[in-house]
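What follows is a short report on a single structure.
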Amino acid sequence: MSKSIVRVLTGITTSGTPHLGNYVGAIRPAVAASRAAGVESFYFLADYHALIKVDDPARIQRSTLEIAASWIACGLDPERVMFYRQSDIPEIPELTWFLTCVCGKGLLNRAHAYKAAVDKNNAAQVDPDSDVTAGLFMYPVLMAADILMFKAHRVPVGRDQIQHIEMARDMAASFNHLYGEHFVLPEAQIEEAVATLPGLDGRKMSKSYDNTIPLFASREQLRKLIAGIKTDSRAPGEPKDTEGSALFQIYQAFATPQETAQLRADYAAGIAWADAKNKLFERIDSEIAPLRAAYEDLMTHPERLEALLQAGAVKARSIATPFTSKLRHAVGLRDLRAQTGLGAQKKDKAALPSFKQYREDDGQFYFKLVDAQGKLLLQSEGFASPREAGQAVKRLQQPVLALAELLQEIRVKHVVTVQELESALQTMLAARD
């Protein structure tokens with residue numbers, strides 16, 4: 001893969017019907033990003049993840065169909081991107097096991113979803129792990145496998161999902177430390193400009209709250225649902241606040257800046273809620289109607305979607321299969337007939353120093369450089385984010401003329417002489433080249 005190409009990976013769990021929040025927060029920006037130059041995009045249907053939440057097979061199948069049709073109807077081009085179903089890539093659960101074997105249980109204990117389940121049980125004074133499946137507990141490892149399998153550089157996520165990317169980095173760094181540099185350490189991509197839509201009741205639009213507006217609701221259903229959006233009791237002619245108005249926030253996510261400014265003025269002038277809701281309906285329907293026609297056509301031809309997903313699996317496995325073969329060899333799952341030269345290979349690997357990135361209990365991110373025998377050569381100070389620590393490591397892995405100055409600039413406290421560090425870094429650079 002060219003160094004100028006950036007890999008971006010996005011998944012959506014097949015546990016429900018896509019709604020406007022999914023469209024605005026994930027589908028629309030992802031489709032736009034997939035057309036950018038210098039980007040290699042991976043989009044997958046996370047049906048393994050759905051098994052953690054849903055025990056209705058028909059619902060998972062239906063959701064997979066609806067989500068696949070939604071992505072394609074919204075403009076995703078399977079010829080341009082990797083578009084595949086998670087369960088069609090058997091290498092992913094195999095990688096999940098490899099990562100399980102290097103992932104500390106303590107790391108998974110800190111996962112937000114697991115901690116929330118335990119806190120809920122403690123509040124109810126029942127067993128802390130009551131109704132907590134191993135699938136929920138291991139969810140972060142499967143997510144890490146999704147990301148690391150395809151060496152994704154960036155993963156677009158909401159702020160509540162940043163922890164999963166940090167955990168994937170931890171697992172990748174642990175594996176790399178034990179078996180050599182195989183994985184790219186991914187970074188979370190937070191799109192500040194992407195809206196989080198409120199639902200019908202003003203809370204975040206979510207299937208969990210049952211307050212969603214289906215993305216491809218019929219025109220009549222869309223009008224009815226928008227009419228039911230919660231508003232206050234201010235009468236026509238009374239000025240209305242845009243702050244905290246779910247109706248205004250949804251409109252803003254679809255409208256141009258000029259259209260938004262006009263509605264803001266209408267609020268100040270006392271627009272009737274019925275008129276404001278009608279403006280919202282017309283604005284959304286003008287964007288969704290052409291996509292709805294494509295969606296309905298795809299829903300009546302599931303064989304087309306199945307063919308697209310099967311073709312996508314072939315493309316994805318052309319990457320996953322050889323990479324998994326290398327990982328199997330790295331951990332020792334090897335052909336017993338191929339013994340020649342293994343001792344020399346182990347010796348060569350042992351001759352190289354290596355970096356290790358990790359997170360401490362203080363919440364800071366650190367890295368260190370150790371030699372082949374595990375001797376500490378260099379120890380960093382704490383960084384606020386894994387990205388900052390990774391950038392510092394990257395700079396150290398490039399040719400440098402003034403190492404002492406660089407060490408001060410990137411907040412590294414060296415524990416051996418600069419000359420020893422320079423020698424170790426040059427050895428790594430030579431081996432990489």
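Residue names in the structure tokens use chain letters A, B, ... in the order shown, residue numbers from 1 in each chain, and ligand numbers from 1 in the order shown.
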**Report entry** Backbone DSSP call of strand (DSSP E or B) for region 165-346 of chain A, listed as a list in words
**Finding:**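 Taking region 165-346 of chain A and keeping strand (DSSP E or B) gives Glu187, Ala188, Gln189, Pro198, Lys204 and Pro214 of chain A.
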Query raised in the report: Which residues, written as a ChimeraX atom specification, have at least one atom at most 9 Å from region 39-55 of chain A, with only C-alpha atoms counted and residues fewer than 6 positions away on the same chain left out?
Result: /A:4-15,30,33,61,64,67-68,80-87,133,135-136,139,142-143,146,150,152,316
Save the residues we just selected, N, CA, C and O atoms, as a CSV table (one decimal), in the first residue's frame?
```
chain,number,residue,atom,x,y,z
A,4,SER,N,1.1,7.2,0.7
A,4,SER,CA,0.2,8.4,0.6
A,4,SER,C,-1.3,8.0,0.8
A,4,SER,O,-2.1,8.9,0.9
A,5,ILE,N,-1.6,6.8,0.8
A,5,ILE,CA,-2.9,6.3,0.9
A,5,ILE,C,-3.3,6.2,2.4
A,5,ILE,O,-2.6,5.6,3.2
A,6,VAL,N,-4.4,6.7,2.8
A,6,VAL,CA,-4.9,6.6,4.2
A,6,VAL,C,-6.1,5.7,4.2
A,6,VAL,O,-7.1,5.8,3.4
A,7,ARG,N,-6.1,4.7,5.1
A,7,ARG,CA,-7.2,3.7,5.2
A,7,ARG,C,-8.1,4.2,6.3
A,7,ARG,O,-7.7,4.4,7.4
A,8,VAL,N,-9.4,4.2,5.9
A,8,VAL,CA,-10.5,4.7,6.9
A,8,VAL,C,-11.5,3.5,6.9
A,8,VAL,O,-11.9,3.0,5.9
A,9,LEU,N,-11.9,3.1,8.1
A,9,LEU,CA,-12.8,2.0,8.3
A,9,LEU,C,-14.0,2.4,9.1
A,9,LEU,O,-13.9,3.1,10.2
A,10,THR,N,-15.2,2.0,8.7
A,10,THR,CA,-16.4,2.3,9.3
A,10,THR,C,-17.3,1.1,9.4
A,10,THR,O,-17.4,0.4,8.4
A,11,GLY,N,-17.9,0.8,10.5
A,11,GLY,CA,-18.9,-0.3,10.6
A,11,GLY,C,-20.2,0.1,11.2
A,11,GLY,O,-20.2,1.1,12.0
A,12,ILE,N,-21.3,-0.6,10.9
A,12,ILE,CA,-22.6,-0.3,11.5
A,12,ILE,C,-23.2,-1.6,11.9
A,12,ILE,O,-23.2,-2.6,11.1
A,13,THR,N,-23.7,-1.7,13.1
A,13,THR,CA,-24.2,-2.9,13.7
A,13,THR,C,-25.6,-3.2,13.1
A,13,THR,O,-26.5,-2.4,13.0
A,14,THR,N,-25.8,-4.5,12.7
A,14,THR,CA,-27.1,-4.9,12.0
A,14,THR,C,-28.1,-5.3,13.1
A,14,THR,O,-28.5,-6.5,13.1
A,15,SER,N,-28.5,-4.3,13.9
A,15,SER,CA,-29.5,-4.6,14.9
A,15,SER,C,-30.8,-3.9,14.8
A,15,SER,O,-31.6,-4.0,15.7
A,30,ALA,N,-19.7,9.5,5.6
A,30,ALA,CA,-18.9,8.4,5.2
A,30,ALA,C,-18.9,8.3,3.7
A,30,ALA,O,-17.8,8.1,3.0
A,33,ALA,N,-16.8,11.1,2.3
A,33,ALA,CA,-15.4,10.8,2.5
A,33,ALA,C,-14.9,9.8,1.6
A,33,ALA,O,-13.7,9.8,1.2
A,61,GLN,N,-31.2,-10.6,10.1
A,61,GLN,CA,-31.2,-10.8,8.6
A,61,GLN,C,-31.9,-9.6,8.0
A,61,GLN,O,-31.4,-9.0,7.0
A,64,THR,N,-29.7,-6.5,8.3
A,64,THR,CA,-28.6,-6.5,7.3
A,64,THR,C,-29.0,-6.1,5.9
A,64,THR,O,-28.3,-5.3,5.3
A,67,ILE,N,-29.8,-2.2,6.0
A,67,ILE,CA,-28.6,-1.4,6.1
A,67,ILE,C,-27.7,-1.4,4.8
A,67,ILE,O,-27.2,-0.4,4.4
A,68,ALA,N,-27.6,-2.6,4.3
A,68,ALA,CA,-26.9,-2.7,3.0
A,68,ALA,C,-27.6,-1.9,1.9
A,68,ALA,O,-26.9,-1.1,1.2
A,80,ARG,N,-15.6,1.3,-5.8
A,80,ARG,CA,-14.6,2.2,-5.3
A,80,ARG,C,-14.1,1.8,-3.9
A,80,ARG,O,-12.9,2.2,-3.5
A,81,VAL,N,-14.9,1.2,-3.1
A,81,VAL,CA,-14.6,0.9,-1.7
A,81,VAL,C,-14.6,-0.6,-1.4
A,81,VAL,O,-15.1,-1.4,-2.2
A,82,MET,N,-14.2,-0.9,-0.2
A,82,MET,CA,-14.4,-2.3,0.3
A,82,MET,C,-15.7,-2.3,1.1
A,82,MET,O,-15.9,-1.6,2.1
A,83,PHE,N,-16.7,-3.0,0.6
A,83,PHE,CA,-18.0,-3.1,1.2
A,83,PHE,C,-18.3,-4.6,1.5
A,83,PHE,O,-18.5,-5.3,0.5
A,84,TYR,N,-18.4,-5.0,2.7
A,84,TYR,CA,-18.5,-6.4,3.0
A,84,TYR,C,-19.2,-6.6,4.3
A,84,TYR,O,-19.5,-5.7,5.1
A,85,ARG,N,-19.6,-7.9,4.5
A,85,ARG,CA,-20.3,-8.3,5.7
A,85,ARG,C,-19.3,-9.0,6.7
A,85,ARG,O,-18.5,-9.8,6.2
A,86,GLN,N,-19.2,-8.5,7.9
A,86,GLN,CA,-18.3,-9.0,8.9
A,86,GLN,C,-18.2,-10.5,8.9
A,86,GLN,O,-17.1,-11.1,8.9
A,87,SER,N,-19.3,-11.2,8.9
A,87,SER,CA,-19.3,-12.7,9.1
A,87,SER,C,-18.8,-13.4,7.9
A,87,SER,O,-18.7,-14.6,7.9
A,133,THR,N,-22.9,-11.2,29.3
A,133,THR,CA,-22.4,-12.3,28.5
A,133,THR,C,-20.9,-12.1,28.3
A,133,THR,O,-20.4,-11.0,28.4
A,135,GLY,N,-19.8,-12.3,25.4
A,135,GLY,CA,-19.8,-11.5,24.2
A,135,GLY,C,-19.7,-10.0,24.5
A,135,GLY,O,-18.9,-9.3,23.9
A,136,LEU,N,-20.5,-9.6,25.5
A,136,LEU,CA,-20.4,-8.2,25.9
A,136,LEU,C,-19.0,-7.8,26.4
A,136,LEU,O,-18.4,-6.8,26.1
A,139,TYR,N,-16.5,-7.7,23.6
A,139,TYR,CA,-16.8,-6.8,22.5
A,139,TYR,C,-15.7,-5.9,22.0
A,139,TYR,O,-15.4,-5.8,20.8
A,142,LEU,N,-13.3,-7.9,19.6
A,142,LEU,CA,-13.8,-8.1,18.3
A,142,LEU,C,-13.7,-6.8,17.5
A,142,LEU,O,-13.3,-6.8,16.3
A,143,MET,N,-14.0,-5.7,18.1
A,143,MET,CA,-13.9,-4.4,17.4
A,143,MET,C,-12.5,-4.1,17.0
A,143,MET,O,-12.2,-3.6,15.9
A,146,ASP,N,-11.7,-6.1,13.9
A,146,ASP,CA,-12.2,-5.4,12.7
A,146,ASP,C,-11.3,-4.3,12.2
A,146,ASP,O,-11.1,-4.2,11.0
A,150,PHE,N,-7.4,-4.8,8.8
A,150,PHE,CA,-7.2,-4.1,7.5
A,150,PHE,C,-6.3,-2.9,7.7
A,150,PHE,O,-6.2,-2.0,6.9
A,152,ALA,N,-6.3,-0.2,9.4
A,152,ALA,CA,-6.9,1.1,9.3
A,152,ALA,C,-6.1,2.2,10.0
A,152,ALA,O,-5.7,2.0,11.2
A,316,ALA,N,-12.1,-8.2,0.3
A,316,ALA,CA,-11.6,-8.0,1.6
A,316,ALA,C,-10.7,-9.2,2.0
A,316,ALA,O,-9.7,-9.0,2.7
```
Query raised in the report: Can you list, as a count of residues only, every protein, DNA or RNA residue that comes within 9 Å of Ala392 (chain A) when you count only C-alpha atoms, leaving out same-chain residues fewer than 4 positions away?
Result: 7
Query - region 274-291 of chain A environment, 9 Å, only C-alpha atoms, sequence neighbours closer than 2 positions dropped, as a ChimeraX atom specification - result: /A:70,73-75,215-216,218-219,222-223,226-227,229,247-248,250-251,254-255,263,266-267,271-272,293-296
Writing out the chosen residues with N, CA and C atoms as a CSV table (one decimal), in the first residue's frame:
```
chain,number,residue,atom,x,y,z
A,70,SER,N,-29.5,0.7,2.4
A,70,SER,CA,-29.3,2.1,2.7
A,70,SER,C,-28.0,2.7,2.3
A,73,ALA,N,-28.1,2.9,-1.6
A,73,ALA,CA,-29.0,3.9,-2.0
A,73,ALA,C,-28.5,5.3,-1.8
A,74,CYS,N,-27.7,5.5,-0.7
A,74,CYS,CA,-27.1,6.8,-0.3
A,74,CYS,C,-25.9,7.1,-1.1
A,75,GLY,N,-25.5,6.3,-2.0
A,75,GLY,CA,-24.4,6.6,-2.9
A,75,GLY,C,-23.1,5.9,-2.7
A,215,LEU,N,-35.0,6.2,8.3
A,215,LEU,CA,-34.4,7.0,7.2
A,215,LEU,C,-35.3,6.9,5.9
A,216,PHE,N,-35.8,5.7,5.7
A,216,PHE,CA,-36.6,5.6,4.4
A,216,PHE,C,-38.1,5.3,4.8
A,218,SER,N,-41.9,6.2,4.5
A,218,SER,CA,-42.7,6.7,3.4
A,218,SER,C,-42.9,8.2,3.6
A,219,ARG,N,-43.3,8.9,2.5
A,219,ARG,CA,-43.5,10.3,2.6
A,219,ARG,C,-44.6,10.6,3.7
A,222,LEU,N,-43.2,9.9,7.2
A,222,LEU,CA,-42.3,10.9,7.6
A,222,LEU,C,-43.0,12.2,8.0
A,223,ARG,N,-44.0,12.6,7.3
A,223,ARG,CA,-44.8,13.8,7.7
A,223,ARG,C,-45.4,13.6,9.1
A,226,ILE,N,-42.7,13.6,11.9
A,226,ILE,CA,-42.2,15.0,12.2
A,226,ILE,C,-43.3,15.8,12.9
A,227,ALA,N,-44.5,15.6,12.6
A,227,ALA,CA,-45.6,16.3,13.3
A,227,ALA,C,-45.6,15.9,14.8
A,229,ILE,N,-42.9,15.6,16.7
A,229,ILE,CA,-41.7,16.1,17.4
A,229,ILE,C,-42.1,17.0,18.6
A,247,LEU,N,-36.6,20.3,16.8
A,247,LEU,CA,-37.0,20.6,15.4
A,247,LEU,C,-35.9,21.4,14.7
A,248,PHE,N,-35.4,22.5,15.4
A,248,PHE,CA,-34.4,23.3,14.7
A,248,PHE,C,-33.1,22.6,14.5
A,250,ILE,N,-32.7,19.3,14.0
A,250,ILE,CA,-32.8,18.4,12.8
A,250,ILE,C,-32.8,19.2,11.5
A,251,TYR,N,-33.5,20.3,11.5
A,251,TYR,CA,-33.5,21.1,10.2
A,251,TYR,C,-32.1,21.5,9.9
A,254,PHE,N,-29.9,19.3,7.8
A,254,PHE,CA,-30.2,19.0,6.4
A,254,PHE,C,-30.1,20.3,5.6
A,255,ALA,N,-30.2,21.5,6.2
A,255,ALA,CA,-30.3,22.7,5.5
A,255,ALA,C,-29.0,23.4,5.2
A,263,LEU,N,-34.7,30.1,9.0
A,263,LEU,CA,-35.5,29.5,10.0
A,263,LEU,C,-35.3,30.1,11.4
A,266,ASP,N,-37.3,33.1,11.4
A,266,ASP,CA,-38.7,32.7,11.5
A,266,ASP,C,-39.0,32.4,13.0
A,267,TYR,N,-38.1,31.7,13.7
A,267,TYR,CA,-38.3,31.5,15.1
A,267,TYR,C,-38.5,32.8,15.9
A,271,ILE,N,-42.9,32.0,14.3
A,271,ILE,CA,-43.5,31.0,13.4
A,271,ILE,C,-44.3,30.0,14.2
A,272,ALA,N,-45.4,29.6,13.6
A,272,ALA,CA,-46.2,28.6,14.2
A,272,ALA,C,-45.5,27.2,14.2
A,293,ALA,N,-36.3,6.1,-3.5
A,293,ALA,CA,-36.7,5.3,-4.7
A,293,ALA,C,-35.6,4.2,-4.9
A,294,ALA,N,-34.4,4.5,-4.8
A,294,ALA,CA,-33.3,3.5,-5.0
A,294,ALA,C,-33.3,2.5,-3.9
A,295,TYR,N,-33.6,2.9,-2.7
A,295,TYR,CA,-33.7,2.0,-1.6
A,295,TYR,C,-34.8,1.0,-1.8
A,296,GLU,N,-36.0,1.4,-2.1
A,296,GLU,CA,-37.1,0.5,-2.3
A,296,GLU,C,-36.9,-0.5,-3.4
```
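A straight line drawn from CA of Gln379 (chain A) to CA of Glu187 (chain A) is 22.1 Å long.
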Query raised in the report: Using only C-alpha atoms, which residue out of A:Pro214, A:Ala173, A:Pro156, A:Cys101 lies closest to Lys368 (chain A)?
Result: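 Among A:Pro214, A:Ala173, A:Pro156, A:Cys101, it is A:Ala173 that comes nearest to Lys368 (chain A).
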**Report entry** Residues flagged helix (DSSP H, G or I) by DSSP in region 276-356 of chain A, as a PyMOL selection string
**Finding:** chain A and resi 276-299+302-331+342-350
Go through region 98-214 of chain A and flag each residue having an atom no more than 10 Å from region 323-328 of chain A; for those, report the closest pair of atoms plus their distance in Å to one decimal, using only C-alpha atoms, ordered by chain and rising number, as a tab-separated table.
```
residue	atom	partner	partner_atom	distance
A:Phe98	CA	A:Leu327	CA	8.6
A:Met149	CA	A:Phe323	CA	7.7
A:Phe150	CA	A:Phe323	CA	8.7
A:Lys151	CA	A:Phe323	CA	10.0
A:Phe175	CA	A:Leu327	CA	9.9
A:Tyr179	CA	A:Leu327	CA	8.6
A:Gly180	CA	A:Leu327	CA	9.8
A:His182	CA	A:Leu327	CA	7.7
A:Phe183	CA	A:Leu327	CA	9.8
```
List as CSV every residue of region 48-144 of chain A that is in contact with region 298-301 of chain A, defined as an atom at most 8 Å from one of its atoms (using only C-alpha atoms), together with the nearest atom pair and the distance in Å rounded to one decimal, sorted by chain and then rising number.
```
residue,atom,partner,partner_atom,distance
A:Leu65,CA,A:Met299,CA,7.3
A:Glu66,CA,A:Met299,CA,7.2
A:Ala69,CA,A:Leu298,CA,5.9
A:Ala73,CA,A:Leu298,CA,7.8
```
Query - Separation of CA of Trp97 (chain A) from CA of Arg62 (chain A) in Å - result: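 Between these atoms lies a distance of 28.6 Å.
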**Report entry** From A:Ser63, A:Gln262, A:Ser385, A:Ser318, residue lying nearest Pro18 (chain A) [only C-alpha atoms]
**Finding:**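 The shortest atom-to-atom distance to Pro18 (chain A) comes from A:Ser63.
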Query raised in the report: Counting only C-alpha atoms, which of A:Val314, A:Leu225, A:Leu421, A:Met171 gets nearest to Lys356 (chain A)?
Result: A:Met171
Query raised in the report: What does the distance between CA of Arg264 (chain A) and CA of Thr242 (chain A) come to in Å, to one decimal place?
Result: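 Computed distance, CA of Arg264 (chain A) to CA of Thr242 (chain A), equals 6.7 Å.
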Report summary line: With distances taken over only C-alpha atoms, the candidate from A:Ile89, A:Ala268, A:Ala313, A:Val370 nearest Glu243 (chain A) is A:Ala268
Query raised in the report: Do you know which residues are at most 12 Å from Gly374 (chain A) counting only C-alpha atoms, after dropping those on the same chain fewer than 4 positions away, and could you put them as a PyMOL selection string?
Result: chain A and resi 177-178+350-356+368-370+378
Report task. Tell me, as a PyMOL selection string, which residues lie within 9 Å of Gly382 (chain A), counting only C-alpha atoms; anything in the same chain fewer than 4 positions away does not count. Result -> chain A and resi 359-360+363-367+389+411
